[in-house]
Every structure is written in C-alpha cells, then in structure tokens.
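Below is one structure; the comments refer to it alone.
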Amino acid sequence: MDFSSKLLEQAVDQMSQLPGIGKRTALRLVLHLLRQPETQTEQLTKALSKLKAEIKRCRNCYNISDTELCDICANPSRQEDLVCVVEDIRDVMAIENTGQYRGMYHVLGGKISPMDGIGPSQLTIKPLIEKVKDGKIQEIIFALSSTMEGDTTNFYIYKQLEGTGIKTSTIARGISVGDELEYADEVTLGRSITNRVPFENSLKS
C-alpha cells in the first residue's frame with residue numbers, strides 16, 4: 001500500500017495494530033478522523049490518554065474500574081459467597097446483561113496458554129485461591145470459554161482447590177464448544193449460568 005504522506009502511513013500502521021483491524025480498515029478509520037473537526041479528534045485523544053493513565057483494577061475481583069472497588073463488588077445486595085470466574089471484562093459485561101446472576105466475579109486476565117507463553121503466574125489465580133482459603137466463598141462457577149485453553153485453565157484451578165471443600169460448578173453447555181462468552185446471546189448465557197452443573201461432571205464428558 002503506497003502512501004502519499006508519511007504521517008498518514010504512520011497513523012495507519014498504528015491503527016492496524018488493533019485487533020481485527022487490517023490495513024484497509026485502518027486507512028478508512030484514519031481518513032474518517034481526518035475529516036472530523038479537530039475538537040472531536042482531540043476529545044478522542046484525551047479520552048484514550050485518560051483511560052490509559054487513570055484506569056484501575058478492582059482490588060477485589062480485578063475487573064476494570066474507575067475506583068479501587070468496582071460497582072459490583074461495592075454493591076451490598078450482591079451474593080458474596082458465590083464467585084464467577086471469567087477471563088476478562090467482556091465476559092463480566094455479557095453475564096451482567098443476562099440479569100440472572102447476582103453473585104461476585106473474579107477476572108483472571110486471560111487463560112493458560114503455553115503456546116502464547118501465558119502460564120498460571122501471569123493470571124490472577126493465586127489471589128483467587130487465597131480468597132477461597134479465607135473461607136468466605138461457598139461456590140466457584142467456572143465461566144471460561146469452552147476452548148482448549150479455557151478447559152485447561154478450569155482444570156488447573158480445580159486442582160488447586162482440591163481439599164478446600166468448596167463447591168465448584170461450570171456453566172451448562174448451552175454455549176457451543178469453542179465459543180467465546182461475549183458472543184453468546186443473553187438468553188442462552190443466562191440459562192447456562194442458571195442451569196450450571198458440578199465441575200466434576202464436565203470432566204466425564
């Protein structure tokens with residue numbers, strides 16, 4: 001792709017590094033920004049800079065938050081002894097949109113993936129185990145996507161919890177194997193949470 005401007009080329013190169021954005025799409029987005037009033041572009045730049053500089057991780061569940069404790073963890077009406085383990089904020093949003101879950105969350109920040117160099121130490125698994133050992137949690141719901149990496153992560157955490165006596169369950173397989181939670185429709189995901197099954201049963205399937 002030939003560019004008439006080095007500045008345009010640099011902007012397209014940066015934009016194309018975003019997930020799912022190829023060079024042609026990046027060029028279309030950059031040209032769109034060029035056509036917008038300068039104030040609008042400045043607002044976008046400021047919003048992104050402020051996001052990067054000020055965003056926090058909830059000290060309890062590791063969800064993305066504006067404050068030290070996210071709105072979910074700070075809500076006294078949530079069921080504190082029930083924790084849903086998810087990969088990232090997109091899964092929290094997907095489950096919250098069902099309106100059928102009133103427990104807490106624990107955001108791992110990814111999945112175990114040796115091929116990508118991601119091991120247990122890169123995730124928030126240790127804090128989860130420590131919370132369980134504190135005795136405040138009665139049930140853990142595994143809600144990772146049904147991929148090889150998701151299943152590996154579920155099993156690893158399950159083995160770490162052996163001997164704690166805690167109840168472990170997994171979302172029902174209304175979610176197709178290989179699917180990501182964020183793409184599931186709200187009705188299917190809600191039923192999968194409500195009709196969760198003991199994690200041990202998923203090991204037999």
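By convention here, the chains of the structure tokens are called A, B, ... in the order presented, each chain's residues are numbered starting at 1, and ligands are numbered starting at 1 in the order presented.
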Requested in this report: Extract the full set of strand (DSSP E or B) residues from chain A according to DSSP on the backbone, and format it as a PyMOL selection string.
Outcome: chain A and resi 56-57+64-65+79-86+103-107+113+118+139-142+167-170+197-198
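Summary of the local environment: counting only C-alpha atoms, residues at most 12 Å from A:Lys52, other than itself and those fewer than 6 positions away along its chain, are Thr45, Lys46, Ile64, Ser65 and Asp66 of chain A.
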Would you put the residues from that selection into a file with C-alpha atoms, as a PDB file, in the first residue's frame?
```pdb
ATOM      1  CA  THR A  45      -7.104  11.508  22.025  1.00  0.00           C
ATOM      2  CA  LYS A  46      -7.796  12.870  25.525  1.00  0.00           C
ATOM      3  CA  ILE A  64     -11.586  -2.827  35.120  1.00  0.00           C
ATOM      4  CA  SER A  65     -12.861   0.049  37.234  1.00  0.00           C
ATOM      5  CA  ASP A  66     -12.670   3.808  37.797  1.00  0.00           C
TER       6      ASP A  66
END
```
**Report entry** All residues 10 Å or closer to stretch 30-36 of chain A, only C-alpha atoms, same chain fewer than 6 positions away omitted, as a list in words
**Finding:** Leu8, Glu9, Ala11, Val12, Gln14, Met15, Arg24 and Leu44 of chain A
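Every protein, DNA or RNA residue with an atom at most 6 Å from stretch 129-145 of chain A, where only C-alpha atoms count and chain neighbours fewer than 4 positions away do not, is listed here: Asp81, Leu82, Val83, Cys84, Val85, Val86, Gly150, Ile166, Lys167, Thr168, Ser169, Thr170, Ile171, Glu180 and Leu181 of chain A.
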Can I get the selected residues back with N, CA and C atoms, as a PDB file, in the first residue's frame?
```
ATOM      1  N   ASP A  81     -20.717 -14.919  48.678  1.00  0.00           N
ATOM      2  CA  ASP A  81     -20.132 -16.261  48.782  1.00  0.00           C
ATOM      3  C   ASP A  81     -20.194 -17.041  47.467  1.00  0.00           C
ATOM      4  N   LEU A  82     -20.666 -16.398  46.404  1.00  0.00           N
ATOM      5  CA  LEU A  82     -20.743 -17.019  45.078  1.00  0.00           C
ATOM      6  C   LEU A  82     -19.862 -16.218  44.118  1.00  0.00           C
ATOM      7  N   VAL A  83     -18.875 -16.880  43.504  1.00  0.00           N
ATOM      8  CA  VAL A  83     -17.922 -16.179  42.639  1.00  0.00           C
ATOM      9  C   VAL A  83     -17.858 -16.839  41.275  1.00  0.00           C
ATOM     10  N   CYS A  84     -18.042 -16.032  40.246  1.00  0.00           N
ATOM     11  CA  CYS A  84     -17.978 -16.500  38.865  1.00  0.00           C
ATOM     12  C   CYS A  84     -16.606 -16.138  38.294  1.00  0.00           C
ATOM     13  N   VAL A  85     -15.861 -17.136  37.851  1.00  0.00           N
ATOM     14  CA  VAL A  85     -14.510 -16.928  37.323  1.00  0.00           C
ATOM     15  C   VAL A  85     -14.586 -16.718  35.817  1.00  0.00           C
ATOM     16  N   VAL A  86     -14.102 -15.572  35.355  1.00  0.00           N
ATOM     17  CA  VAL A  86     -14.161 -15.233  33.931  1.00  0.00           C
ATOM     18  C   VAL A  86     -12.788 -14.789  33.441  1.00  0.00           C
ATOM     19  N   GLY A 150      -9.404 -22.612  27.727  1.00  0.00           N
ATOM     20  CA  GLY A 150     -10.370 -22.410  28.793  1.00  0.00           C
ATOM     21  C   GLY A 150     -10.505 -23.633  29.679  1.00  0.00           C
ATOM     22  N   ILE A 166     -14.663 -26.568  48.846  1.00  0.00           N
ATOM     23  CA  ILE A 166     -15.535 -25.620  48.174  1.00  0.00           C
ATOM     24  C   ILE A 166     -16.277 -26.290  47.020  1.00  0.00           C
ATOM     25  N   LYS A 167     -17.493 -25.837  46.776  1.00  0.00           N
ATOM     26  CA  LYS A 167     -18.286 -26.343  45.660  1.00  0.00           C
ATOM     27  C   LYS A 167     -17.810 -25.685  44.372  1.00  0.00           C
ATOM     28  N   THR A 168     -17.588 -26.494  43.329  1.00  0.00           N
ATOM     29  CA  THR A 168     -17.195 -25.952  42.030  1.00  0.00           C
ATOM     30  C   THR A 168     -18.217 -26.386  40.983  1.00  0.00           C
ATOM     31  N   SER A 169     -18.585 -25.437  40.125  1.00  0.00           N
ATOM     32  CA  SER A 169     -19.538 -25.745  39.061  1.00  0.00           C
ATOM     33  C   SER A 169     -19.078 -25.061  37.780  1.00  0.00           C
ATOM     34  N   THR A 170     -19.697 -25.432  36.677  1.00  0.00           N
ATOM     35  CA  THR A 170     -19.378 -24.814  35.400  1.00  0.00           C
ATOM     36  C   THR A 170     -20.673 -24.496  34.673  1.00  0.00           C
ATOM     37  N   ILE A 171     -20.643 -23.487  33.828  1.00  0.00           N
ATOM     38  CA  ILE A 171     -21.853 -23.133  33.092  1.00  0.00           C
ATOM     39  C   ILE A 171     -22.267 -24.296  32.207  1.00  0.00           C
ATOM     40  N   GLU A 180     -16.827 -18.027  22.416  1.00  0.00           N
ATOM     41  CA  GLU A 180     -16.488 -17.063  23.447  1.00  0.00           C
ATOM     42  C   GLU A 180     -17.782 -16.552  24.074  1.00  0.00           C
ATOM     43  N   LEU A 181     -17.754 -16.304  25.389  1.00  0.00           N
ATOM     44  CA  LEU A 181     -18.964 -15.879  26.102  1.00  0.00           C
ATOM     45  C   LEU A 181     -19.535 -14.575  25.562  1.00  0.00           C
TER      46      LEU A 181
END
```
Query raised in the report: Which of these residues is nearest to A:Pro76, using only C-alpha atoms: A:Ile21, A:Gly103, A:Gly109, A:Ser49?
Result: A:Gly103
Query raised in the report: Got a sec to tell me which of stretch 43-183 of chain A DSSP assigns to alpha helix (DSSP H), as a count of residues only?
Result: 46
Requested in this report: Skip A:Arg78 itself and residues of its chain fewer than 6 positions away, then list as a list in words all residues within 9 Å of it, counting only C-alpha atoms.
Outcome: Ile72, Arg102, Gly103 and Met104 of chain A
Query - Nearby residues (only C-alpha atoms) at most 7 Å from A:Asp88, same-chain spacing under 2 positions excluded, as a list in words - result: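 With the cut-off at 7 Å, the set is Val86, Arg90, Asp91, Val92, Val107, Leu108, Gly109 and Gly110 of chain A.
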Just-selected residues, all heavy atoms written as a PDB file, in the first residue's frame:
```pdb
ATOM      1  N   VAL A  86     -14.102 -15.572  35.355  1.00  0.00           N
ATOM      2  CA  VAL A  86     -14.161 -15.233  33.931  1.00  0.00           C
ATOM      3  C   VAL A  86     -12.788 -14.789  33.441  1.00  0.00           C
ATOM      4  O   VAL A  86     -11.874 -14.536  34.230  1.00  0.00           O
ATOM      5  CB  VAL A  86     -15.194 -14.121  33.654  1.00  0.00           C
ATOM      6  CG1 VAL A  86     -16.597 -14.570  34.018  1.00  0.00           C
ATOM      7  CG2 VAL A  86     -14.826 -12.846  34.422  1.00  0.00           C
ATOM      8  N   ARG A  90     -15.106  -8.308  29.239  1.00  0.00           N
ATOM      9  CA  ARG A  90     -16.147  -8.583  28.243  1.00  0.00           C
ATOM     10  C   ARG A  90     -17.084  -9.680  28.727  1.00  0.00           C
ATOM     11  O   ARG A  90     -18.292  -9.644  28.466  1.00  0.00           O
ATOM     12  CB  ARG A  90     -15.504  -8.966  26.911  1.00  0.00           C
ATOM     13  CG  ARG A  90     -14.738  -7.830  26.242  1.00  0.00           C
ATOM     14  CD  ARG A  90     -13.943  -8.320  25.059  1.00  0.00           C
ATOM     15  NE  ARG A  90     -12.923  -9.289  25.468  1.00  0.00           N
ATOM     16  CZ  ARG A  90     -12.099  -9.894  24.617  1.00  0.00           C
ATOM     17  NH1 ARG A  90     -12.184  -9.648  23.322  1.00  0.00           N
ATOM     18  NH2 ARG A  90     -11.190 -10.750  25.061  1.00  0.00           N
ATOM     19  N   ASP A  91     -16.538 -10.656  29.452  1.00  0.00           N
ATOM     20  CA  ASP A  91     -17.365 -11.742  29.978  1.00  0.00           C
ATOM     21  C   ASP A  91     -18.233 -11.257  31.134  1.00  0.00           C
ATOM     22  O   ASP A  91     -19.380 -11.680  31.284  1.00  0.00           O
ATOM     23  CB  ASP A  91     -16.480 -12.910  30.424  1.00  0.00           C
ATOM     24  CG  ASP A  91     -15.643 -13.469  29.288  1.00  0.00           C
ATOM     25  OD1 ASP A  91     -16.116 -13.433  28.136  1.00  0.00           O
ATOM     26  OD2 ASP A  91     -14.512 -13.922  29.532  1.00  0.00           O
ATOM     27  N   VAL A  92     -17.686 -10.374  31.967  1.00  0.00           N
ATOM     28  CA  VAL A  92     -18.478  -9.780  33.046  1.00  0.00           C
ATOM     29  C   VAL A  92     -19.674  -9.042  32.456  1.00  0.00           C
ATOM     30  O   VAL A  92     -20.820  -9.203  32.907  1.00  0.00           O
ATOM     31  CB  VAL A  92     -17.626  -8.801  33.892  1.00  0.00           C
ATOM     32  CG1 VAL A  92     -18.512  -8.068  34.905  1.00  0.00           C
ATOM     33  CG2 VAL A  92     -16.509  -9.542  34.607  1.00  0.00           C
ATOM     34  N   VAL A 107     -11.869 -11.891  37.841  1.00  0.00           N
ATOM     35  CA  VAL A 107     -11.362 -11.756  36.480  1.00  0.00           C
ATOM     36  C   VAL A 107      -9.911 -12.232  36.425  1.00  0.00           C
ATOM     37  O   VAL A 107      -9.041 -11.650  37.085  1.00  0.00           O
ATOM     38  CB  VAL A 107     -11.465 -10.299  35.999  1.00  0.00           C
ATOM     39  CG1 VAL A 107     -10.930 -10.172  34.579  1.00  0.00           C
ATOM     40  CG2 VAL A 107     -12.913  -9.818  36.074  1.00  0.00           C
ATOM     41  N   LEU A 108      -9.661 -13.269  35.642  1.00  0.00           N
ATOM     42  CA  LEU A 108      -8.323 -13.864  35.569  1.00  0.00           C
ATOM     43  C   LEU A 108      -7.346 -13.025  34.749  1.00  0.00           C
ATOM     44  O   LEU A 108      -6.142 -13.066  34.959  1.00  0.00           O
ATOM     45  CB  LEU A 108      -8.405 -15.264  34.965  1.00  0.00           C
ATOM     46  CG  LEU A 108      -9.136 -16.329  35.785  1.00  0.00           C
ATOM     47  CD1 LEU A 108      -9.203 -17.629  34.997  1.00  0.00           C
ATOM     48  CD2 LEU A 108      -8.452 -16.555  37.128  1.00  0.00           C
ATOM     49  N   GLY A 109      -7.862 -12.291  33.773  1.00  0.00           N
ATOM     50  CA  GLY A 109      -6.983 -11.523  32.906  1.00  0.00           C
ATOM     51  C   GLY A 109      -6.427 -12.329  31.745  1.00  0.00           C
ATOM     52  O   GLY A 109      -5.463 -11.910  31.091  1.00  0.00           O
ATOM     53  N   GLY A 110      -7.043 -13.481  31.463  1.00  0.00           N
ATOM     54  CA  GLY A 110      -6.604 -14.321  30.355  1.00  0.00           C
ATOM     55  C   GLY A 110      -6.842 -15.786  30.655  1.00  0.00           C
ATOM     56  O   GLY A 110      -7.543 -16.135  31.618  1.00  0.00           O
TER      57      GLY A 110
END
```
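Shortest atom-to-atom contact with A:Pro127 among A:Asn97, A:Asn60, A:Gln10, A:Thr67: A:Asn60, counting only C-alpha atoms.
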Query raised in the report: Could you state the separation of atom CA of A:Met1 and atom CA of A:Lys23 in Å, given to one decimal place?
Result: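 Atom-to-atom, atom CA of A:Met1 to atom CA of A:Lys23, that is 8.4 Å.
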